[in-house]
>>> print(open('structure_22.csv').read())   # CSV, C-alpha atoms and all ligand atoms
chain,number,residue,atom,x,y,z
C,1,MET,CA,10.0,-30.5,-27.7
C,2,THR,CA,11.0,-30.4,-24.0
C,3,THR,CA,11.9,-33.7,-22.5
C,4,ILE,CA,11.5,-34.2,-18.7
C,5,ALA,CA,14.6,-36.1,-17.4
C,6,THR,CA,15.6,-37.4,-14.0
C,7,LEU,CA,18.1,-39.8,-12.4
C,8,GLY,CA,16.7,-43.4,-12.1
C,9,SER,CA,16.3,-43.6,-8.3
C,10,HIS,CA,14.5,-41.9,-5.4
C,11,CYS,CA,11.2,-40.7,-7.1
C,12,ALA,CA,12.0,-41.1,-10.8
C,13,LEU,CA,8.9,-43.3,-11.5
C,14,GLN,CA,6.3,-40.8,-10.3
C,15,VAL,CA,8.2,-37.8,-11.8
C,16,LEU,CA,8.3,-39.5,-15.3
C,17,LYS,CA,4.8,-40.9,-15.1
C,18,GLY,CA,3.5,-37.4,-14.1
C,19,ALA,CA,5.5,-35.9,-17.0
C,20,LYS,CA,4.0,-38.4,-19.4
C,21,ASP,CA,0.5,-37.6,-18.1
C,22,GLU,CA,1.0,-34.0,-18.9
C,23,GLY,CA,2.1,-34.8,-22.4
C,24,PHE,CA,5.9,-34.6,-22.2
C,25,ARG,CA,8.6,-36.9,-23.6
C,26,THR,CA,10.4,-38.6,-20.7
C,27,LEU,CA,14.0,-39.7,-20.2
C,28,VAL,CA,15.6,-41.6,-17.4
C,29,VAL,CA,19.3,-41.3,-16.6
C,30,THR,CA,20.1,-44.8,-15.2
C,31,GLU,CA,23.0,-46.7,-14.0
C,32,ARG,CA,23.6,-49.8,-16.1
C,33,LYS,CA,22.7,-52.1,-13.3
C,34,ARG,CA,19.2,-50.7,-13.1
C,35,GLU,CA,18.4,-50.3,-16.8
C,36,ARG,CA,16.4,-53.5,-16.9
C,37,PHE,CA,14.2,-52.3,-14.1
C,38,TYR,CA,13.4,-49.0,-15.7
C,39,ARG,CA,12.7,-50.6,-19.1
C,40,ARG,CA,9.6,-52.2,-17.4
C,41,PHE,CA,7.8,-48.8,-17.5
C,42,LYS,CA,6.2,-47.8,-20.8
C,43,PHE,CA,5.9,-44.2,-19.8
C,44,ILE,CA,9.7,-43.8,-20.1
C,45,ASP,CA,10.6,-42.9,-23.7
C,46,ASP,CA,14.4,-42.5,-23.6
C,47,PHE,CA,17.4,-43.8,-21.7
C,48,LEU,CA,20.8,-42.4,-20.9
C,49,VAL,CA,22.7,-45.4,-19.5
C,50,LEU,CA,25.8,-44.6,-17.4
C,51,ASN,CA,28.2,-46.7,-15.4
C,52,ARG,CA,27.7,-44.3,-12.5
C,53,PHE,CA,25.5,-41.3,-11.9
C,54,ALA,CA,28.4,-39.0,-11.5
C,55,ASP,CA,29.1,-39.5,-15.3
C,56,ILE,CA,26.2,-37.2,-16.0
C,57,THR,CA,28.5,-34.2,-16.0
C,58,LYS,CA,30.7,-35.7,-18.8
C,59,PRO,CA,30.5,-34.0,-22.2
C,60,ASN,CA,28.9,-37.0,-23.9
C,61,SER,CA,26.1,-37.0,-21.3
C,62,ILE,CA,25.5,-33.3,-21.5
C,63,SER,CA,25.3,-33.3,-25.3
C,64,PHE,CA,22.9,-36.3,-25.2
C,65,LEU,CA,20.6,-34.4,-22.8
C,66,LYS,CA,20.9,-31.1,-24.7
C,67,LYS,CA,20.0,-32.7,-28.0
C,68,ARG,CA,16.8,-33.8,-26.4
C,69,ASP,CA,16.0,-30.4,-24.9
C,70,ALA,CA,16.0,-32.0,-21.5
C,71,VAL,CA,15.0,-30.4,-18.3
C,72,ILE,CA,16.3,-32.2,-15.2
C,73,ILE,CA,14.1,-32.7,-12.2
C,74,PRO,CA,16.6,-32.8,-9.2
C,75,HIS,CA,16.1,-35.1,-6.3
C,76,GLY,CA,18.1,-36.6,-3.4
C,77,THR,CA,20.1,-38.9,-5.5
C,78,LEU,CA,21.4,-36.1,-7.6
C,79,ILE,CA,22.8,-34.4,-4.5
C,80,SER,CA,24.2,-37.6,-2.9
C,81,GLU,CA,25.7,-39.2,-6.0
C,82,VAL,CA,26.7,-36.2,-8.2
C,83,GLY,CA,27.2,-33.6,-5.5
C,84,SER,CA,25.7,-30.1,-5.1
C,85,GLU,CA,28.9,-28.4,-6.2
C,86,GLU,CA,29.1,-30.4,-9.4
C,87,VAL,CA,25.4,-29.8,-10.1
C,88,GLU,CA,26.0,-26.1,-9.6
C,89,ASN,CA,29.2,-25.8,-11.7
C,90,GLU,CA,29.4,-28.7,-14.1
C,91,LEU,CA,25.9,-29.9,-15.0
C,92,HIS,CA,25.3,-27.6,-18.0
C,93,VAL,CA,21.7,-28.7,-18.6
C,94,PRO,CA,18.6,-26.7,-17.4
C,95,ILE,CA,17.3,-27.8,-14.0
C,96,PHE,CA,13.7,-27.3,-12.8
C,97,GLY,CA,13.9,-25.2,-9.6
C,98,ASN,CA,16.6,-23.2,-7.9
C,99,ARG,CA,20.0,-24.9,-8.5
C,100,ASN,CA,21.7,-22.7,-6.0
C,101,ILE,CA,19.7,-23.9,-3.1
C,102,LEU,CA,20.9,-27.5,-3.3
C,103,ARG,CA,24.2,-26.3,-1.7
C,104,TRP,CA,22.2,-24.9,1.2
C,105,GLU,CA,20.6,-28.2,1.8
C,106,ALA,CA,24.0,-30.0,1.8
C,107,ASP,CA,25.8,-27.5,4.0
C,108,ARG,CA,24.9,-27.6,7.7
C,109,GLU,CA,25.8,-24.0,8.4
C,110,LEU,CA,23.8,-22.6,5.5
C,111,LYS,CA,21.0,-24.9,6.4
C,112,GLU,CA,20.9,-23.5,10.0
C,113,LYS,CA,21.0,-19.9,8.6
C,114,LEU,CA,18.0,-20.5,6.4
C,115,THR,CA,16.1,-22.3,9.2
C,116,ARG,CA,16.7,-19.3,11.4
C,117,GLU,CA,15.6,-16.8,8.7
C,118,ALA,CA,12.4,-18.8,8.3
C,119,ARG,CA,11.9,-18.6,12.1
C,120,LEU,CA,11.4,-22.3,12.4
C,121,ARG,CA,11.8,-23.7,15.9
C,122,SER,CA,14.9,-25.9,15.8
C,123,PRO,CA,16.8,-28.2,18.1
C,124,LYS,CA,19.9,-27.0,20.0
C,125,THR,CA,23.2,-27.7,18.4
C,126,PHE,CA,26.5,-28.6,20.1
C,127,SER,CA,29.8,-27.3,18.7
C,128,SER,CA,31.8,-29.9,20.6
C,129,PRO,CA,31.1,-33.3,22.1
C,130,ASP,CA,32.3,-32.0,25.5
C,131,LYS,CA,29.3,-29.7,25.6
C,132,ILE,CA,26.7,-32.5,25.3
C,133,ASP,CA,24.3,-32.3,28.3
C,134,ARG,CA,21.3,-34.2,27.0
C,135,LEU,CA,20.3,-36.8,24.4
C,136,VAL,CA,21.8,-35.9,21.0
C,137,ILE,CA,21.7,-37.3,17.5
C,138,ALA,CA,25.0,-37.1,15.6
C,139,LYS,CA,24.6,-36.6,11.9
C,140,LEU,CA,26.8,-37.0,8.8
C,141,PRO,CA,26.8,-34.6,5.8
C,142,GLY,CA,24.8,-35.1,2.7
C,143,ALA,CA,21.4,-36.6,1.7
C,144,ARG,CA,22.3,-40.1,2.6
C,145,GLY,CA,19.1,-41.2,4.2
C,146,GLY,CA,20.3,-41.2,7.8
C,147,LEU,CA,23.2,-43.6,7.1
C,148,GLY,CA,25.7,-43.6,10.0
C,149,TYR,CA,23.7,-41.4,12.4
C,150,PHE,CA,24.0,-42.3,16.0
C,151,LEU,CA,22.8,-41.2,19.5
C,152,ALA,CA,24.7,-40.2,22.6
C,153,SER,CA,23.9,-38.7,25.9
C,154,ASP,CA,27.3,-37.3,27.0
C,155,ALA,CA,30.9,-36.9,25.6
C,156,GLU,CA,31.8,-40.4,26.7
C,157,SER,CA,29.0,-42.2,25.0
C,158,TYR,CA,29.5,-40.0,21.9
C,159,ARG,CA,33.2,-41.0,21.6
C,160,LYS,CA,32.4,-44.7,22.2
C,161,ASN,CA,29.7,-44.8,19.6
C,162,LEU,CA,31.7,-42.8,17.1
C,163,LYS,CA,34.6,-45.2,17.5
C,164,GLU,CA,32.4,-48.2,17.1
C,165,LEU,CA,31.0,-46.8,13.8
C,166,GLN,CA,34.4,-45.8,12.6
C,167,ARG,CA,35.7,-49.3,13.3
C,168,LYS,CA,32.8,-50.7,11.3
C,169,GLY,CA,33.8,-48.4,8.4
C,170,VAL,CA,30.3,-46.6,8.5
C,171,ILE,CA,32.0,-43.3,9.3
C,172,GLY,CA,35.4,-42.1,8.0
C,173,LYS,CA,38.1,-40.9,10.3
C,174,ASN,CA,37.7,-37.3,9.1
C,175,THR,CA,34.0,-37.2,8.4
C,176,PRO,CA,32.6,-34.0,9.9
C,177,VAL,CA,29.8,-34.8,12.4
C,178,PHE,CA,27.0,-32.5,13.3
C,179,ILE,CA,25.6,-32.8,16.8
C,180,GLN,CA,22.0,-31.9,17.4
C,181,GLU,CA,19.6,-32.2,20.4
C,182,TYR,CA,17.5,-35.3,20.0
C,183,VAL,CA,13.8,-34.2,20.2
C,184,VAL,CA,11.6,-36.9,21.6
C,185,GLY,CA,8.3,-36.8,19.7
C,186,VAL,CA,6.4,-37.8,16.6
C,187,PRO,CA,8.4,-37.4,13.3
C,188,VAL,CA,6.4,-35.7,10.6
C,189,TYR,CA,7.5,-34.6,7.1
C,190,PHE,CA,5.6,-31.7,5.4
C,191,GLN,CA,5.6,-31.7,1.6
C,192,TYR,CA,4.9,-28.4,-0.2
C,193,PHE,CA,4.9,-27.0,-3.8
C,194,SER,CA,5.8,-23.4,-4.3
C,195,SER,CA,4.4,-22.1,-7.5
C,196,ILE,CA,6.1,-18.9,-8.6
C,197,LEU,CA,3.8,-18.7,-11.7
C,198,LYS,CA,0.7,-18.5,-9.4
C,199,ASN,CA,2.7,-16.9,-6.6
C,200,GLU,CA,1.1,-19.4,-4.2
C,201,LEU,CA,2.2,-22.1,-1.8
C,202,GLU,CA,0.4,-25.4,-2.1
C,203,PHE,CA,0.4,-27.9,0.7
C,204,PHE,CA,0.7,-31.4,-0.8
C,205,GLY,CA,0.9,-34.0,1.9
C,206,ILE,CA,2.6,-35.5,4.9
C,207,ASP,CA,4.6,-38.7,5.4
C,208,ARG,CA,6.5,-40.5,8.1
C,209,ARG,CA,9.6,-42.4,7.4
C,210,TYR,CA,10.1,-46.0,8.2
C,211,GLU,CA,13.7,-46.3,9.4
C,212,THR,CA,15.8,-49.3,10.2
C,213,THR,CA,16.7,-50.1,12.9
C,214,VAL,CA,15.1,-47.4,15.0
C,215,ASP,CA,11.6,-48.4,14.1
C,216,ALA,CA,12.3,-52.0,14.8
C,217,ILE,CA,13.8,-51.7,18.3
C,218,GLY,CA,10.4,-51.2,19.9
C,219,ARG,CA,9.4,-54.6,18.7
C,220,ILE,CA,11.8,-56.5,20.9
C,221,PRO,CA,11.7,-56.7,24.7
C,222,ALA,CA,13.7,-54.1,26.7
C,223,GLU,CA,16.2,-56.6,28.0
C,224,HIS,CA,17.3,-57.3,24.4
C,225,GLN,CA,17.3,-53.6,23.4
C,226,LYS,CA,20.2,-52.8,25.7
C,227,GLY,CA,23.4,-52.2,23.9
C,228,LEU,CA,21.8,-51.9,20.4
C,229,LEU,CA,22.7,-48.8,18.5
C,230,PRO,CA,19.7,-47.5,16.6
C,231,SER,CA,20.3,-46.5,13.0
C,232,TYR,CA,18.3,-44.3,10.7
C,233,ILE,CA,18.4,-45.7,7.2
C,234,VAL,CA,15.1,-44.9,5.5
C,235,VAL,CA,13.5,-48.0,3.9
C,236,GLY,CA,10.1,-46.6,3.1
C,237,ASN,CA,7.5,-44.1,4.0
C,238,SER,CA,4.0,-44.2,5.4
C,239,PRO,CA,1.2,-41.7,5.0
C,240,LEU,CA,-0.1,-39.4,7.7
C,241,VAL,CA,-2.8,-36.8,7.9
C,242,LEU,CA,-2.6,-34.0,10.5
C,243,ARG,CA,-5.1,-32.9,13.0
C,244,GLU,CA,-6.9,-30.1,11.1
C,245,SER,CA,-6.2,-27.6,13.9
C,246,LEU,CA,-2.4,-28.1,13.3
C,247,LEU,CA,-2.7,-27.5,9.5
C,248,GLU,CA,-2.7,-23.8,9.6
C,249,GLU,CA,0.7,-23.7,11.3
C,250,ALA,CA,2.0,-26.1,8.7
C,251,TYR,CA,1.0,-23.5,6.0
C,252,GLN,CA,2.6,-20.7,7.9
C,253,MET,CA,5.9,-22.5,8.3
C,254,GLY,CA,5.9,-23.2,4.6
C,255,GLU,CA,5.2,-19.6,3.8
C,256,ARG,CA,8.0,-18.3,6.1
C,257,PHE,CA,10.4,-20.8,4.4
C,258,VAL,CA,9.5,-19.5,1.0
C,259,ASP,CA,10.0,-15.9,2.1
C,260,ALA,CA,13.4,-16.8,3.7
C,261,VAL,CA,14.5,-18.5,0.4
C,262,LYS,CA,13.4,-15.5,-1.6
C,263,LYS,CA,15.6,-13.3,0.6
C,264,LEU,CA,18.7,-15.5,0.9
C,265,VAL,CA,18.8,-17.7,-2.2
C,266,PRO,CA,17.6,-15.9,-5.3
C,267,PRO,CA,15.6,-16.6,-7.4
C,268,GLY,CA,13.7,-18.2,-4.6
C,269,MET,CA,11.9,-21.4,-3.9
C,270,ILE,CA,10.6,-22.9,-7.1
C,271,GLY,CA,8.7,-26.2,-6.9
C,272,PRO,CA,8.6,-28.9,-4.3
C,273,PHE,CA,10.3,-28.8,-0.9
C,274,CYS,CA,9.9,-30.4,2.5
C,275,ILE,CA,10.1,-29.3,6.1
C,276,GLU,CA,11.1,-32.2,8.4
C,277,GLY,CA,10.8,-32.4,12.2
C,278,VAL,CA,9.1,-33.7,15.2
C,279,TYR,CA,6.0,-32.8,17.3
C,280,ASN,CA,7.3,-32.7,20.8
C,281,GLU,CA,5.4,-33.4,24.0
C,282,ASP,CA,3.7,-30.0,23.9
C,283,ALA,CA,2.6,-30.6,20.3
C,284,GLU,CA,5.1,-27.9,19.2
C,285,PHE,CA,6.8,-28.6,15.9
C,286,VAL,CA,10.6,-28.6,16.0
C,287,THR,CA,12.3,-28.6,12.6
C,288,PHE,CA,15.5,-30.6,12.2
C,289,GLU,CA,15.9,-30.6,8.4
C,290,PHE,CA,14.5,-29.3,5.2
C,291,SER,CA,14.8,-30.6,1.6
C,292,ALA,CA,14.7,-27.9,-1.0
C,293,ARG,CA,13.5,-30.3,-3.8
C,294,ILE,CA,11.1,-33.2,-4.2
C,295,VAL,CA,11.3,-35.8,-1.4
C,296,ALA,CA,10.8,-39.5,-1.8
C,297,GLY,CA,7.9,-39.4,0.7
C,298,THR,CA,5.8,-37.9,-2.1
C,299,ASN,CA,5.9,-41.4,-3.8
C,300,LEU,CA,3.0,-42.3,-1.5
C,301,TYR,CA,0.7,-40.1,-3.4
C,302,ILE,CA,1.1,-41.1,-7.1
C,303,SER,CA,-2.6,-41.2,-7.6
C,304,GLY,CA,-3.2,-37.9,-5.7
C,305,SER,CA,-2.7,-36.7,-2.1
C,306,PRO,CA,-5.4,-35.9,0.5
C,307,TYR,CA,-4.5,-32.2,0.4
C,308,PHE,CA,-4.1,-31.9,-3.4
C,309,SER,CA,-7.5,-33.5,-3.8
C,310,LEU,CA,-8.8,-30.3,-2.2
C,311,ILE,CA,-7.1,-28.2,-4.9
C,312,TYR,CA,-7.2,-30.3,-8.0
C,313,ASP,CA,-10.2,-32.2,-9.5
C,314,GLU,CA,-8.0,-34.9,-11.1
C,315,PRO,CA,-5.4,-37.2,-9.5
C,316,MET,CA,-2.3,-35.0,-9.1
C,317,SER,CA,1.0,-36.4,-7.9
C,318,MET,CA,4.0,-34.2,-7.0
C,319,GLY,CA,5.7,-35.4,-10.2
C,320,ARG,CA,2.7,-34.4,-12.3
C,321,ARG,CA,2.5,-31.1,-10.5
C,322,ILE,CA,6.0,-30.3,-11.5
C,323,ALA,CA,5.2,-31.2,-15.1
C,324,LEU,CA,2.1,-29.1,-15.0
C,325,GLU,CA,4.1,-26.1,-13.8
C,326,ILE,CA,6.6,-26.6,-16.7
C,327,LYS,CA,3.7,-26.9,-19.1
C,328,ASN,CA,2.1,-23.7,-17.8
C,329,GLY,CA,5.5,-22.0,-18.0
C,330,ILE,CA,5.9,-23.0,-21.7
C,331,GLU,CA,2.3,-21.9,-22.5
C,332,SER,CA,2.7,-18.5,-20.7
C,333,LYS,CA,6.2,-18.0,-22.2
C,334,SER,CA,7.7,-17.9,-18.7
C,335,LEU,CA,9.6,-21.2,-18.6
C,336,GLY,CA,12.8,-19.2,-18.0
C,337,LYS,CA,11.4,-18.3,-14.5
C,338,LEU,CA,11.3,-22.0,-13.5
C,339,LEU,CA,14.7,-23.2,-14.7
C,340,THR,CA,18.2,-22.4,-13.5
C,401,LIG,P1,17.5,-36.5,8.7
C,401,LIG,O1,18.6,-37.1,7.8
C,401,LIG,O2,18.0,-35.3,9.4
C,401,LIG,O3,16.2,-36.3,8.0
C,401,LIG,O4,17.3,-37.6,9.9
C,401,LIG,C1,17.0,-38.9,9.7
C,401,LIG,C2,16.2,-39.4,10.8
C,401,LIG,O5,16.8,-39.2,12.1
C,401,LIG,C3,14.8,-38.7,11.0
C,401,LIG,O6,13.9,-39.2,10.1
C,401,LIG,C4,14.5,-38.9,12.4
C,401,LIG,O7,14.0,-40.2,12.7
C,401,LIG,C5,15.8,-38.8,13.1
C,401,LIG,N1,16.1,-37.4,13.6
C,401,LIG,C6,16.9,-36.6,12.9
C,401,LIG,N2,17.1,-35.5,13.7
C,401,LIG,C7,16.4,-35.6,14.8
C,401,LIG,C8,16.2,-34.9,16.0
C,401,LIG,N3,16.8,-33.7,16.2
C,401,LIG,N4,15.4,-35.4,17.0
C,401,LIG,C9,14.8,-36.6,16.8
C,401,LIG,N5,15.0,-37.4,15.7
C,401,LIG,C10,15.8,-36.9,14.7
>>> encode(input="structure_22.csv", output="structure tokens")
Amino acid sequence: MTTIATLGSHCALQVLKGAKDEGFRTLVVTERKRERFYRRFKFIDDFLVLNRFADITKPNSISFLKKRDAVIIPHGTLISEVGSEEVENELHVPIFGNRNILRWEADRELKEKLTREARLRSPKTFSSPDKIDRLVIAKLPGARGGLGYFLASDAESYRKNLKELQRKGVIGKNTPVFIQEYVVGVPVYFQYFSSILKNELEFFGIDRRYETTVDAIGRIPAEHQKGLLPSYIVVGNSPLVLRESLLEEAYQMGERFVDAVKKLVPPGMIGPFCIEGVYNEDAEFVTFEFSARIVAGTNLYISGSPYFSLIYDEPMSMGRRIALEIKNGIESKSLGKLLT
């Protein structure tokens, strides 16, 4: 019998609760320090306890998972703590979704290529700090929740801020930094589910991130804001619904993304993904990121989302939707199409 497994972090609770609701056995891969926390939840049947997540690629872990016929649901922690290359080459356990695309998410150049292919409007990028001619955001590689990002408006402020963060040890001396135009506007994160069994794109929901300290700076008077460097560490998410007149474009962007993945990253986009960006002053959506797997912002909708309520008559979380797809795959003998 198939067991749904995931790393204990990020969105594990909704993934495993959803899997249980669809009748699966469930397994959490947890670091020892969080074992007690996950034991609180009765919908988790089995535990693989590791010293660190990266040990999931060790032979003992692999055979533990294989014995239980586990399918792993990938999320941001798998990328940040195990690494997309290790997941691609060393994690010899079936994964729900397209394993190859995780690399595209972690690599800035590949990410740009896919964004271009999907014809998503994106911010200007700068190949060198000396070319900075407007407000920019400097980003570090990997799904690290905005840790170490900083703003600059010219080469001088870039170097000053970079040095400051290197001095604090937030950024390493040789860490590659990606420089992107900062788009002033409302940040919005679109969450989708691409069903290859139904050949259909489902729109699940929207969230905003609550980030420290950038979301806190507006709470203090301007005179005290001066000299503070905003940071972008996600601490949580809040829900959002979109003006209905903007929804159609959200669907179209998702469909173009799915088409682009089909073309560039076979076997295509399987399951959840997210397009992340900002509505600028002209209410145009500018995409600065995508996540080619479930995002933690879907945790908002464990008992169903506003948009899935239009499709499903029972409460359907993203975690449960994944499990439902796997169940449908098993029943229609097409599970192989969903796993890599
Ligand atoms: P990311 O890791 O790319 O999702 O970025 C983390 C956070 O930085 C986002 O949630 C935004 O608040 C902010 N951000 C990233 N890129 C941009 C951009 N180009 N313009 C404005 N804000 C951005």
>>> atom_distance(input="structure_22.csv", atom1="CA of Ile330 (chain C)", atom2="CA of Phe24 (chain C)")
11.6 Å
>>> residues_near_ligand(input="structure_22.csv", ligand="ligand LIG 401 (chain C)", cutoff="7 Å", atoms="all atoms listed in the file", output="count of residues only")
19
>>> residues_around(input="structure_22.csv", residues="Phe96 (chain C)", least_positions_apart="5", cutoff="6 Å", atoms="all atoms listed in the file", output="list in words")
Ile73, Leu338 and Leu339 of chain C
>>> residues_around(input="structure_22.csv", residues="Arg36 (chain C)", least_positions_apart="5", cutoff="12 Å", atoms="all atoms listed in the file", output="MDAnalysis selection string")
chainID C and resid 8 28 30:31 41 47 49
>>> residues_around(input="structure_22.csv", residues="Asn237 (chain C)", least_positions_apart="6", cutoff="7 Å", atoms="only C-alpha atoms", output="ChimeraX atom specification")
/C:207-210,297
>>> write_last_selection(input="structure_22.csv", atoms="C-alpha atoms", output="compact mmCIF listing (two decimals), in the coordinates of the input")
# COMPACT_ATOMS: atom_id res chain seq x y z
CA ASP C 207 4.60 -38.70 5.40
CA ARG C 208 6.50 -40.50 8.10
CA ARG C 209 9.60 -42.40 7.40
CA TYR C 210 10.10 -46.00 8.20
CA GLY C 297 7.90 -39.40 0.70
>>> atom_distance(input="structure_22.csv", atom1="CA of Tyr301 (chain C)", atom2="CA of Phe43 (chain C)")
17.7 Å
>>> atom_distance(input="structure_22.csv", atom1="CA of Leu13 (chain C)", atom2="CA of Val186 (chain C)")
28.7 Å
>>> closest_residue(input="structure_22.csv", among="C:Pro94, C:Gly227, C:Gly319, C:Pro266", to="Thr340 (chain C)", atoms="only C-alpha atoms")
C:Pro94
>>> residues_around(input="structure_22.csv", residues="Glu85 (chain C)", least_positions_apart="4", cutoff="10 Å", atoms="only C-alpha atoms", output="number ranges by chain")
C: 79, 89-91, 99-100, 102-103, 106
>>> closest_residue(input="structure_22.csv", among="C:Leu50, C:Leu110, C:Val286, C:Ala250", to="Leu201 (chain C)", atoms="all atoms listed in the file")
C:Ala250
>>> closest_residue(input="structure_22.csv", among="C:Phe178, C:Arg116, C:Lys163, C:Phe193", to="Leu140 (chain C)", atoms="all atoms listed in the file")
C:Phe178
>>> residues_around(input="structure_22.csv", residues="region 252-258 of chain C", least_positions_apart="6", cutoff="8 Å", atoms="only C-alpha atoms", output="PyMOL selection string")
chain C and resi 114-115+117-120+192+194+201+268-269+275
>>> closest_residue(input="structure_22.csv", among="C:Cys11, C:Ile302, C:Ala54, C:Ala155", to="Glu86 (chain C)", atoms="only C-alpha atoms")
C:Ala54
>>> closest_residue(input="structure_22.csv", among="C:Asp55, C:Phe203, C:Ile4, C:Ile220", to="Glu248 (chain C)", atoms="all atoms listed in the file")
C:Phe203
>>> residues_near_point(input="structure_22.csv", point="(32.6, -41.3, 9.1)", cutoff="10 Å", atoms="all atoms listed in the file", output="PyMOL selection string")
chain C and resi 139-141+147-149+162-163+165-177
>>> residues_near_point(input="structure_22.csv", point="(-4.7, -39.9, -8.7)", cutoff="6 Å", atoms="only C-alpha atoms", output="MDAnalysis selection string")
chainID C and resid 303:304 315:316
